[in-house]
file run_23.pdb (PDB, C-alpha atoms)
ATOM      1  CA  MET A   1      10.213  23.227  13.557
ATOM      2  CA  LYS A   2       9.091  22.563  17.115
ATOM      3  CA  LYS A   3       7.946  19.085  18.111
ATOM      4  CA  ARG A   4       4.339  20.213  18.560
ATOM      5  CA  LEU A   5       4.206  21.529  14.991
ATOM      6  CA  ARG A   6       5.995  18.469  13.578
ATOM      7  CA  LYS A   7       3.341  16.279  15.202
ATOM      8  CA  LYS A   8       0.481  18.468  13.970
ATOM      9  CA  LYS A   9       1.872  18.568  10.420
ATOM     10  CA  HIS A  10       2.981  14.897  10.340
ATOM     11  CA  ARG A  11       6.637  15.788   9.724
ATOM     12  CA  GLY A  12       9.935  14.359  10.948
ATOM     13  CA  GLU A  13       9.475  11.531  13.438
ATOM     14  CA  PHE A  14       5.684  11.875  13.032
ATOM     15  CA  THR A  15       5.668  11.100   9.299
ATOM     16  CA  GLU A  16       3.184   8.332   8.478
ATOM     17  CA  TRP A  17       4.190   5.918   5.726
ATOM     18  CA  GLY A  18       2.068   3.913   3.341
ATOM     19  CA  ARG A  19       2.062   1.793   0.211
ATOM     20  CA  GLN A  20      -0.407   1.054  -2.531
ATOM     21  CA  LEU A  21      -1.463  -2.565  -2.769
ATOM     22  CA  LEU A  22      -3.092  -4.047  -5.863
ATOM     23  CA  ILE A  23      -4.599  -7.517  -5.330
ATOM     24  CA  ILE A  24      -5.854  -9.745  -8.156
ATOM     25  CA  ARG A  25      -8.059 -12.656  -7.090
ATOM     26  CA  ASN A  26      -8.547 -15.892  -9.041
ATOM     27  CA  ARG A  27     -12.328 -15.836  -8.624
ATOM     28  CA  LYS A  28     -15.094 -13.292  -8.990
ATOM     29  CA  ASP A  29     -17.455 -14.581  -6.286
ATOM     30  CA  GLY A  30     -17.110 -13.921  -2.558
ATOM     31  CA  PHE A  31     -15.586 -10.445  -2.885
ATOM     32  CA  ASP A  32     -17.369  -9.062   0.196
ATOM     33  CA  GLU A  33     -16.173 -11.962   2.343
ATOM     34  CA  PHE A  34     -12.625 -11.535   1.036
ATOM     35  CA  LEU A  35     -12.712  -7.794   1.727
ATOM     36  CA  ASP A  36     -14.009  -8.317   5.275
ATOM     37  CA  ALA A  37     -11.310 -10.908   5.975
ATOM     38  CA  PHE A  38      -8.591  -8.701   4.454
ATOM     39  CA  ILE A  39      -9.567  -5.712   6.596
ATOM     40  CA  GLU A  40     -10.015  -7.689   9.832
ATOM     41  CA  GLU A  41      -7.195 -10.239   9.566
ATOM     42  CA  ALA A  42      -4.495  -8.446   7.578
ATOM     43  CA  ILE A  43      -5.044  -4.726   8.166
ATOM     44  CA  GLU A  44      -6.668  -4.124  11.566
ATOM     45  CA  THR A  45      -4.836  -7.016  13.257
ATOM     46  CA  ASN A  46      -1.555  -5.296  12.341
ATOM     47  CA  GLY A  47      -2.682  -1.884  13.586
ATOM     48  CA  CYS A  48      -2.941  -0.435  10.080
ATOM     49  CA  CYS A  49      -5.616   1.426   8.146
ATOM     50  CA  CYS A  50      -6.477   1.275   4.465
ATOM     51  CA  GLY A  51      -8.594   3.035   1.921
ATOM     52  CA  GLY A  52      -9.508   2.192  -1.622
ATOM     53  CA  GLY A  53     -11.910  -0.051  -3.452
ATOM     54  CA  GLY A  54     -12.462  -2.802  -5.895
ATOM     55  CA  SER A  55     -14.919  -5.296  -7.276
ATOM     56  CA  GLN A  56     -15.115  -8.999  -8.007
ATOM     57  CA  ASP A  57     -11.530 -10.041  -8.737
ATOM     58  CA  LYS A  58      -9.550  -6.842  -8.099
ATOM     59  CA  LEU A  59      -8.839  -4.783  -4.972
ATOM     60  CA  ASP A  60      -6.812  -1.553  -5.058
ATOM     61  CA  VAL A  61      -6.007   0.010  -1.673
ATOM     62  CA  VAL A  62      -3.528   2.314   0.010
ATOM     63  CA  VAL A  63      -2.328   0.805   3.281
ATOM     64  CA  GLU A  64      -1.224   3.179   6.047
ATOM     65  CA  LEU A  65       1.672   1.412   7.801
ATOM     66  CA  GLY A  66       2.362   3.976  10.525
ATOM     67  CA  ARG A  67       5.441   5.856  11.663
ATOM     68  CA  ARG A  68       9.007   4.554  11.485
ATOM     69  CA  SER A  69       8.849   3.852  15.236
ATOM     70  CA  ASP A  70       5.856   1.530  14.575
ATOM     71  CA  ASP A  71       8.086  -0.762  12.424
ATOM     72  CA  PRO A  72       6.189  -0.504   9.124
ATOM     73  CA  SER A  73       8.346  -3.170   7.445
ATOM     74  CA  ALA A  74       7.254  -5.825   9.971
ATOM     75  CA  ARG A  75       3.612  -4.835   9.470
ATOM     76  CA  LEU A  76       4.070  -5.080   5.711
ATOM     77  CA  LYS A  77       5.618  -8.555   6.000
ATOM     78  CA  ARG A  78       2.636  -9.805   8.015
ATOM     79  CA  ILE A  79       0.173  -8.362   5.474
ATOM     80  CA  THR A  80       2.009  -9.917   2.524
ATOM     81  CA  ALA A  81       2.273 -13.258   4.383
ATOM     82  CA  TRP A  82      -1.519 -13.186   4.816
ATOM     83  CA  LEU A  83      -1.936 -12.571   1.073
ATOM     84  CA  ASP A  84       0.479 -15.388   0.188
ATOM     85  CA  ALA A  85      -1.470 -17.797   2.415
ATOM     86  CA  ARG A  86      -4.793 -17.086   0.707
ATOM     87  CA  PRO A  87      -5.776 -19.591  -2.004
ATOM     88  CA  ASP A  88      -8.099 -17.051  -3.655
ATOM     89  CA  VAL A  89      -5.297 -14.497  -4.266
ATOM     90  CA  GLN A  90      -3.834 -14.976  -7.735
ATOM     91  CA  SER A  91      -1.261 -12.191  -7.456
ATOM     92  CA  TRP A  92      -0.568  -8.939  -5.703
ATOM     93  CA  ARG A  93       1.667  -5.960  -6.355
ATOM     94  CA  MET A  94       3.015  -3.412  -3.890
ATOM     95  CA  GLY A  95       3.934   0.155  -4.801
ATOM     96  CA  GLU A  96       6.809   2.171  -3.401
ATOM     97  CA  GLU A  97       6.628   3.526   0.132
ATOM     98  CA  PHE A  98       5.464   7.141   0.341
ATOM     99  CA  ASP A  99       4.550   9.777   2.907
ATOM    100  CA  ILE A 100       0.773   9.422   3.395
ATOM    101  CA  TRP A 101       0.247  13.111   4.212
ATOM    102  CA  HIS A 102       2.764  14.899   1.979
ATOM    103  CA  GLY A 103       4.359  12.397  -0.381
ATOM    104  CA  ASP A 104       4.053  11.921  -4.090
ATOM    105  CA  PHE A 105       1.691   9.056  -4.832
ATOM    106  CA  GLN A 106       2.198   7.125  -8.035
ATOM    107  CA  ASP A 107      -0.681   4.832  -8.956
ATOM    108  CA  ILE A 108       0.671   1.376  -9.850
ATOM    109  CA  ASP A 109      -2.624   0.430 -11.521
ATOM    110  CA  GLU A 110      -2.096   3.171 -14.108
ATOM    111  CA  GLU A 111       1.501   2.026 -14.600
ATOM    112  CA  MET A 112       0.336  -1.503 -15.308
ATOM    113  CA  GLU A 113      -1.883  -0.188 -18.092
ATOM    114  CA  GLN A 114       0.913   1.901 -19.624
ATOM    115  CA  VAL A 115       2.888  -0.736 -21.473
ATOM    116  CA  ASN A 116       5.866   0.310 -23.529
ATOM    117  CA  PRO A 117       4.822  -0.520 -27.129
ATOM    118  CA  ALA A 118       8.439  -0.928 -28.270
ATOM    119  CA  ASN A 119       9.273  -3.892 -26.057
ATOM    120  CA  GLY A 120       5.998  -4.732 -24.255
ATOM    121  CA  LEU A 121       7.546  -4.192 -20.819
ATOM    122  CA  GLN A 122       6.054  -2.300 -17.939
ATOM    123  CA  PRO A 123       7.832   0.829 -16.726
ATOM    124  CA  PRO A 124       9.597   0.512 -13.348
ATOM    125  CA  LEU A 125       7.984   1.795 -10.158
ATOM    126  CA  ILE A 126       9.412   5.148  -9.127
ATOM    127  CA  SER A 127       8.676   7.120  -5.999
ATOM    128  CA  VAL A 128       9.890  10.687  -5.706
ATOM    129  CA  VAL A 129      10.649  11.742  -2.144
ATOM    130  CA  PRO A 130      12.062  15.219  -1.532
ATOM    131  CA  PRO A 131      15.488  15.188   0.184
ATOM    132  CA  ASP A 132      14.133  16.738   3.388
ATOM    133  CA  ARG A 133      11.789  13.722   3.871
ATOM    134  CA  ARG A 134      14.271  10.930   3.214
ATOM    135  CA  ARG A 135      15.260   8.637   6.057
TER     136      ARG A 135
END

call {"tool": "encode", "arguments": {"input": "run_23.pdb", "output": "structure tokens"}}
result
Amino acid sequence: MKKRLRKKKHRGEFTEWGRQLLIIRNRKDGFDEFLDAFIEEAIETNGCCCGGGGSQDKLDVVVELGRRSDDPSARLKRITAWLDARPDVQSWRMGEEFDIWHGDFQDIDEEMEQVNPANGLQPPLISVVPPDRRR
């Protein structure tokens, strides 16, 4: 595929990567202020975008981390460091990396609700990436 088409179709070196992020807060008040701070300080400051929603003590978003050349792992580390520094964040969970435009998205919130009745353990996170998209 020619470079122009790879760019248009978000393939090859133009693939944009993302992860699902599930944040549980230890309080129900101040959600709007938390959301504003999260978007401004953790997401936009790192050159990322996100989409999703939540209410009161739970936020579920997909964070677009950019292309491989944008160093998505460094962006992710800065976002998680911001979450770790917040006193109002009880816990957070990150899903597997996936191709934002063409990848298989597996909702970690649904996985958390699907508990194995035999042993009470959660199933592991699995991301399926076709061989032609692996790096």

call {"tool": "atom_distance", "arguments": {"input": "run_23.pdb", "atom1": "atom CA of Glu13 of chain A", "atom2": "atom CA of Asp70 of chain A"}}
result
10.7 Å

call {"tool": "residues_around", "arguments": {"input": "run_23.pdb", "residues": "Phe31 of chain A", "least_positions_apart": "2", "cutoff": "9 Å", "atoms": "only C-alpha atoms", "output": "PDB file with C-alpha atoms, in the coordinates of the input"}}
result
ATOM      1  CA  ARG A  25      -8.059 -12.656  -7.090  1.00  0.00           C
ATOM      2  CA  ARG A  27     -12.328 -15.836  -8.624  1.00  0.00           C
ATOM      3  CA  LYS A  28     -15.094 -13.292  -8.990  1.00  0.00           C
ATOM      4  CA  ASP A  29     -17.455 -14.581  -6.286  1.00  0.00           C
ATOM      5  CA  GLU A  33     -16.173 -11.962   2.343  1.00  0.00           C
ATOM      6  CA  PHE A  34     -12.625 -11.535   1.036  1.00  0.00           C
ATOM      7  CA  LEU A  35     -12.712  -7.794   1.727  1.00  0.00           C
ATOM      8  CA  ASP A  36     -14.009  -8.317   5.275  1.00  0.00           C
ATOM      9  CA  GLY A  54     -12.462  -2.802  -5.895  1.00  0.00           C
ATOM     10  CA  SER A  55     -14.919  -5.296  -7.276  1.00  0.00           C
ATOM     11  CA  GLN A  56     -15.115  -8.999  -8.007  1.00  0.00           C
ATOM     12  CA  ASP A  57     -11.530 -10.041  -8.737  1.00  0.00           C
ATOM     13  CA  LYS A  58      -9.550  -6.842  -8.099  1.00  0.00           C
TER      14      LYS A  58
END

call {"tool": "atom_distance", "arguments": {"input": "run_23.pdb", "atom1": "atom CA of Ser69 of chain A", "atom2": "atom CA of Leu22 of chain A"}}
result
25.5 Å

call {"tool": "resolve_selection", "arguments": {"input": "run_23.pdb", "expression": "the PyMOL selection byres ((chain A and resi 98) around 8)", "output": "PyMOL selection string"}}
result
chain A and resi 17-19+96-97+99-100+103-105+127+129

call {"tool": "residues_around", "arguments": {"input": "run_23.pdb", "residues": "Asp107 of chain A", "least_positions_apart": "6", "cutoff": "10 Å", "atoms": "only C-alpha atoms", "output": "MDAnalysis selection string"}}
result
chainID A and resid 20:22 60 62 95:96 125

call {"tool": "resolve_selection", "arguments": {"input": "run_23.pdb", "expression": "the PyMOL selection byres ((chain A and resi 76) around 10)", "output": "PyMOL selection string"}}
result
chain A and resi 18-19+42-43+46+48+63-65+71-75+77-82+94

call {"tool": "closest_residue", "arguments": {"input": "run_23.pdb", "among": "A:Lys3, A:Arg68, A:Lys8, A:Arg86", "to": "Ala37 of chain A", "atoms": "all atoms listed in the file"}}
result
A:Arg86

call {"tool": "atom_distance", "arguments": {"input": "run_23.pdb", "atom1": "atom CA of Gln90 of chain A", "atom2": "atom CA of Ile23 of chain A"}}
result
7.9 Å

call {"tool": "resolve_selection", "arguments": {"input": "run_23.pdb", "expression": "the PyMOL selection byres ((chain A and resi 10) around 12)", "output": "PDB file with C-alpha atoms, in the frame of the given file"}}
result
ATOM      1  CA  MET A   1      10.213  23.227  13.557  1.00  0.00           C
ATOM      2  CA  LYS A   2       9.091  22.563  17.115  1.00  0.00           C
ATOM      3  CA  LYS A   3       7.946  19.085  18.111  1.00  0.00           C
ATOM      4  CA  ARG A   4       4.339  20.213  18.560  1.00  0.00           C
ATOM      5  CA  LEU A   5       4.206  21.529  14.991  1.00  0.00           C
ATOM      6  CA  ARG A   6       5.995  18.469  13.578  1.00  0.00           C
ATOM      7  CA  LYS A   7       3.341  16.279  15.202  1.00  0.00           C
ATOM      8  CA  LYS A   8       0.481  18.468  13.970  1.00  0.00           C
ATOM      9  CA  LYS A   9       1.872  18.568  10.420  1.00  0.00           C
ATOM     10  CA  ARG A  11       6.637  15.788   9.724  1.00  0.00           C
ATOM     11  CA  GLY A  12       9.935  14.359  10.948  1.00  0.00           C
ATOM     12  CA  GLU A  13       9.475  11.531  13.438  1.00  0.00           C
ATOM     13  CA  PHE A  14       5.684  11.875  13.032  1.00  0.00           C
ATOM     14  CA  THR A  15       5.668  11.100   9.299  1.00  0.00           C
ATOM     15  CA  GLU A  16       3.184   8.332   8.478  1.00  0.00           C
ATOM     16  CA  TRP A  17       4.190   5.918   5.726  1.00  0.00           C
ATOM     17  CA  GLY A  66       2.362   3.976  10.525  1.00  0.00           C
ATOM     18  CA  ARG A  67       5.441   5.856  11.663  1.00  0.00           C
ATOM     19  CA  ASP A  99       4.550   9.777   2.907  1.00  0.00           C
ATOM     20  CA  ILE A 100       0.773   9.422   3.395  1.00  0.00           C
ATOM     21  CA  TRP A 101       0.247  13.111   4.212  1.00  0.00           C
ATOM     22  CA  HIS A 102       2.764  14.899   1.979  1.00  0.00           C
ATOM     23  CA  GLY A 103       4.359  12.397  -0.381  1.00  0.00           C
ATOM     24  CA  ARG A 133      11.789  13.722   3.871  1.00  0.00           C
TER      25      ARG A 133
END

call {"tool": "axis_aligned_box", "arguments": {"input": "run_23.pdb", "around": "segment 34-42 of chain A", "padding_each_side": "3 Å", "output": "AutoDock Vina command-line options"}}
result
--center_x -9.3 --center_y -8.6 --center_z 5.4 --size_x 15.5 --size_y 11.8 --size_z 14.8

call {"tool": "decode", "arguments": {"input": "run_23.pdb", "residues": "segment 8-133 of chain A", "atoms": "C-alpha atoms", "output": "PDB file, in the first residue's frame"}}
result
ATOM      1  CA  LYS A   8      -5.457   7.936   4.977  1.00  0.00           C
ATOM      2  CA  LYS A   9      -6.389   4.494   6.333  1.00  0.00           C
ATOM      3  CA  HIS A  10      -4.293   4.764   9.534  1.00  0.00           C
ATOM      4  CA  ARG A  11      -2.180   1.711   8.668  1.00  0.00           C
ATOM      5  CA  GLY A  12       1.495   0.852   9.086  1.00  0.00           C
ATOM      6  CA  GLU A  13       3.515   3.716  10.545  1.00  0.00           C
ATOM      7  CA  PHE A  14       0.301   5.781  10.777  1.00  0.00           C
ATOM      8  CA  THR A  15      -1.487   3.368  13.126  1.00  0.00           C
ATOM      9  CA  GLU A  16      -2.838   5.180  16.192  1.00  0.00           C
ATOM     10  CA  TRP A  17      -2.734   3.266  19.469  1.00  0.00           C
ATOM     11  CA  GLY A  18      -4.940   3.520  22.515  1.00  0.00           C
ATOM     12  CA  ARG A  19      -5.913   1.909  25.795  1.00  0.00           C
ATOM     13  CA  GLN A  20      -9.026   1.773  27.904  1.00  0.00           C
ATOM     14  CA  LEU A  21      -8.675   3.316  31.334  1.00  0.00           C
ATOM     15  CA  LEU A  22     -11.083   2.600  34.183  1.00  0.00           C
ATOM     16  CA  ILE A  23     -10.703   4.937  37.181  1.00  0.00           C
ATOM     17  CA  ILE A  24     -12.416   4.381  40.539  1.00  0.00           C
ATOM     18  CA  ARG A  25     -12.469   7.387  42.869  1.00  0.00           C
ATOM     19  CA  ASN A  26     -12.765   7.242  46.664  1.00  0.00           C
ATOM     20  CA  ARG A  27     -15.418   9.966  46.787  1.00  0.00           C
ATOM     21  CA  LYS A  28     -18.614  10.772  44.945  1.00  0.00           C
ATOM     22  CA  ASP A  29     -18.460  14.578  45.115  1.00  0.00           C
ATOM     23  CA  GLY A  30     -16.385  16.808  42.840  1.00  0.00           C
ATOM     24  CA  PHE A  31     -16.641  14.603  39.743  1.00  0.00           C
ATOM     25  CA  ASP A  32     -16.789  17.544  37.312  1.00  0.00           C
ATOM     26  CA  GLU A  33     -13.678  19.115  38.830  1.00  0.00           C
ATOM     27  CA  PHE A  34     -11.861  15.775  38.694  1.00  0.00           C
ATOM     28  CA  LEU A  35     -12.871  15.257  35.062  1.00  0.00           C
ATOM     29  CA  ASP A  36     -11.720  18.757  34.076  1.00  0.00           C
ATOM     30  CA  ALA A  37      -8.375  18.243  35.818  1.00  0.00           C
ATOM     31  CA  PHE A  38      -7.933  14.782  34.270  1.00  0.00           C
ATOM     32  CA  ILE A  39      -8.554  16.081  30.748  1.00  0.00           C
ATOM     33  CA  GLU A  40      -6.416  19.223  31.115  1.00  0.00           C
ATOM     34  CA  GLU A  41      -3.524  17.936  33.238  1.00  0.00           C
ATOM     35  CA  ALA A  42      -3.207  14.274  32.268  1.00  0.00           C
ATOM     36  CA  ILE A  43      -4.616  13.988  28.744  1.00  0.00           C
ATOM     37  CA  GLU A  44      -4.192  17.274  26.853  1.00  0.00           C
ATOM     38  CA  THR A  45      -0.853  18.109  28.505  1.00  0.00           C
ATOM     39  CA  ASN A  46       0.519  14.851  27.069  1.00  0.00           C
ATOM     40  CA  GLY A  47      -0.858  15.492  23.582  1.00  0.00           C
ATOM     41  CA  CYS A  48      -3.492  12.765  23.872  1.00  0.00           C
ATOM     42  CA  CYS A  49      -7.239  12.596  23.326  1.00  0.00           C
ATOM     43  CA  CYS A  50      -9.858  10.588  25.176  1.00  0.00           C
ATOM     44  CA  GLY A  51     -13.481   9.656  24.938  1.00  0.00           C
ATOM     45  CA  GLY A  52     -15.820   7.977  27.348  1.00  0.00           C
ATOM     46  CA  GLY A  53     -17.849   8.872  30.385  1.00  0.00           C
ATOM     47  CA  GLY A  54     -18.635   8.281  33.974  1.00  0.00           C
ATOM     48  CA  SER A  55     -20.370   9.600  37.042  1.00  0.00           C
ATOM     49  CA  GLN A  56     -19.609  10.261  40.685  1.00  0.00           C
ATOM     50  CA  ASP A  57     -16.927   7.722  41.598  1.00  0.00           C
ATOM     51  CA  LYS A  58     -16.211   5.986  38.276  1.00  0.00           C
ATOM     52  CA  LEU A  59     -14.684   7.155  34.986  1.00  0.00           C
ATOM     53  CA  ASP A  60     -14.340   4.866  31.955  1.00  0.00           C
ATOM     54  CA  VAL A  61     -12.425   6.298  28.984  1.00  0.00           C
ATOM     55  CA  VAL A  62     -10.440   5.233  25.949  1.00  0.00           C
ATOM     56  CA  VAL A  63      -7.201   7.201  25.727  1.00  0.00           C
ATOM     57  CA  GLU A  64      -5.686   7.772  22.280  1.00  0.00           C
ATOM     58  CA  LEU A  65      -1.906   7.644  22.802  1.00  0.00           C
ATOM     59  CA  GLY A  66      -0.794   8.398  19.242  1.00  0.00           C
ATOM     60  CA  ARG A  67       1.496   6.679  16.771  1.00  0.00           C
ATOM     61  CA  ARG A  68       4.558   4.618  17.673  1.00  0.00           C
ATOM     62  CA  SER A  69       6.748   7.575  16.648  1.00  0.00           C
ATOM     63  CA  ASP A  70       4.940   9.702  19.293  1.00  0.00           C
ATOM     64  CA  ASP A  71       6.259   7.389  22.079  1.00  0.00           C
ATOM     65  CA  PRO A  72       2.919   6.206  23.494  1.00  0.00           C
ATOM     66  CA  SER A  73       4.574   4.379  26.411  1.00  0.00           C
ATOM     67  CA  ALA A  74       6.074   7.629  27.758  1.00  0.00           C
ATOM     68  CA  ARG A  75       2.692   9.347  27.443  1.00  0.00           C
ATOM     69  CA  LEU A  76       1.060   6.459  29.287  1.00  0.00           C
ATOM     70  CA  LYS A  77       3.622   6.650  32.109  1.00  0.00           C
ATOM     71  CA  ARG A  78       2.913  10.359  32.610  1.00  0.00           C
ATOM     72  CA  ILE A  79      -0.858   9.743  32.686  1.00  0.00           C
ATOM     73  CA  THR A  80      -0.538   6.909  35.207  1.00  0.00           C
ATOM     74  CA  ALA A  81       1.866   9.004  37.333  1.00  0.00           C
ATOM     75  CA  TRP A  82      -0.792  11.741  37.436  1.00  0.00           C
ATOM     76  CA  LEU A  83      -3.382   9.186  38.590  1.00  0.00           C
ATOM     77  CA  ASP A  84      -1.042   7.798  41.264  1.00  0.00           C
ATOM     78  CA  ALA A  85      -0.442  11.319  42.606  1.00  0.00           C
ATOM     79  CA  ARG A  86      -4.147  12.056  43.046  1.00  0.00           C
ATOM     80  CA  PRO A  87      -5.493  11.483  46.574  1.00  0.00           C
ATOM     81  CA  ASP A  88      -9.058  11.095  45.263  1.00  0.00           C
ATOM     82  CA  VAL A  89      -8.176   8.125  42.994  1.00  0.00           C
ATOM     83  CA  GLN A  90      -8.804   4.859  44.822  1.00  0.00           C
ATOM     84  CA  SER A  91      -7.688   2.602  41.973  1.00  0.00           C
ATOM     85  CA  TRP A  92      -7.352   2.471  38.232  1.00  0.00           C
ATOM     86  CA  ARG A  93      -7.073  -0.282  35.655  1.00  0.00           C
ATOM     87  CA  MET A  94      -5.601  -0.132  32.163  1.00  0.00           C
ATOM     88  CA  GLY A  95      -6.668  -2.384  29.303  1.00  0.00           C
ATOM     89  CA  GLU A  96      -4.436  -3.825  26.612  1.00  0.00           C
ATOM     90  CA  GLU A  97      -3.113  -1.590  23.854  1.00  0.00           C
ATOM     91  CA  PHE A  98      -5.159  -1.718  20.650  1.00  0.00           C
ATOM     92  CA  ASP A  99      -5.375  -0.058  17.248  1.00  0.00           C
ATOM     93  CA  ILE A 100      -7.841   2.829  17.705  1.00  0.00           C
ATOM     94  CA  TRP A 101      -9.096   2.699  14.105  1.00  0.00           C
ATOM     95  CA  HIS A 102      -9.050  -1.017  13.265  1.00  0.00           C
ATOM     96  CA  GLY A 103      -8.252  -3.008  16.391  1.00  0.00           C
ATOM     97  CA  ASP A 104     -10.353  -5.301  18.491  1.00  0.00           C
ATOM     98  CA  PHE A 105     -11.533  -3.485  21.597  1.00  0.00           C
ATOM     99  CA  GLN A 106     -12.225  -5.533  24.692  1.00  0.00           C
ATOM    100  CA  ASP A 107     -14.100  -3.672  27.416  1.00  0.00           C
ATOM    101  CA  ILE A 108     -12.343  -4.197  30.765  1.00  0.00           C
ATOM    102  CA  ASP A 109     -15.420  -2.981  32.661  1.00  0.00           C
ATOM    103  CA  GLU A 110     -17.412  -5.934  31.317  1.00  0.00           C
ATOM    104  CA  GLU A 111     -14.553  -8.282  32.216  1.00  0.00           C
ATOM    105  CA  MET A 112     -14.575  -7.028  35.785  1.00  0.00           C
ATOM    106  CA  GLU A 113     -18.249  -7.938  36.059  1.00  0.00           C
ATOM    107  CA  GLN A 114     -17.712 -11.423  34.613  1.00  0.00           C
ATOM    108  CA  VAL A 115     -16.299 -13.260  37.597  1.00  0.00           C
ATOM    109  CA  ASN A 116     -15.544 -16.938  37.296  1.00  0.00           C
ATOM    110  CA  PRO A 117     -18.017 -18.576  39.732  1.00  0.00           C
ATOM    111  CA  ALA A 118     -15.761 -21.607  40.260  1.00  0.00           C
ATOM    112  CA  ASN A 119     -12.866 -19.736  41.840  1.00  0.00           C
ATOM    113  CA  GLY A 120     -14.058 -16.105  42.099  1.00  0.00           C
ATOM    114  CA  LEU A 121     -11.190 -14.826  39.945  1.00  0.00           C
ATOM    115  CA  GLN A 122     -11.408 -12.359  37.122  1.00  0.00           C
ATOM    116  CA  PRO A 123     -10.504 -13.540  33.627  1.00  0.00           C
ATOM    117  CA  PRO A 124      -7.201 -12.198  32.242  1.00  0.00           C
ATOM    118  CA  LEU A 125      -7.124  -9.261  29.836  1.00  0.00           C
ATOM    119  CA  ILE A 126      -6.663 -10.407  26.255  1.00  0.00           C
ATOM    120  CA  SER A 127      -6.201  -8.277  23.180  1.00  0.00           C
ATOM    121  CA  VAL A 128      -6.385  -9.868  19.756  1.00  0.00           C
ATOM    122  CA  VAL A 129      -4.227  -8.136  17.163  1.00  0.00           C
ATOM    123  CA  PRO A 130      -4.051  -9.605  13.660  1.00  0.00           C
ATOM    124  CA  PRO A 131      -0.505 -10.595  12.601  1.00  0.00           C
ATOM    125  CA  ASP A 132      -0.320  -7.891   9.926  1.00  0.00           C
ATOM    126  CA  ARG A 133      -0.762  -5.177  12.620  1.00  0.00           C
TER     127      ARG A 133
END
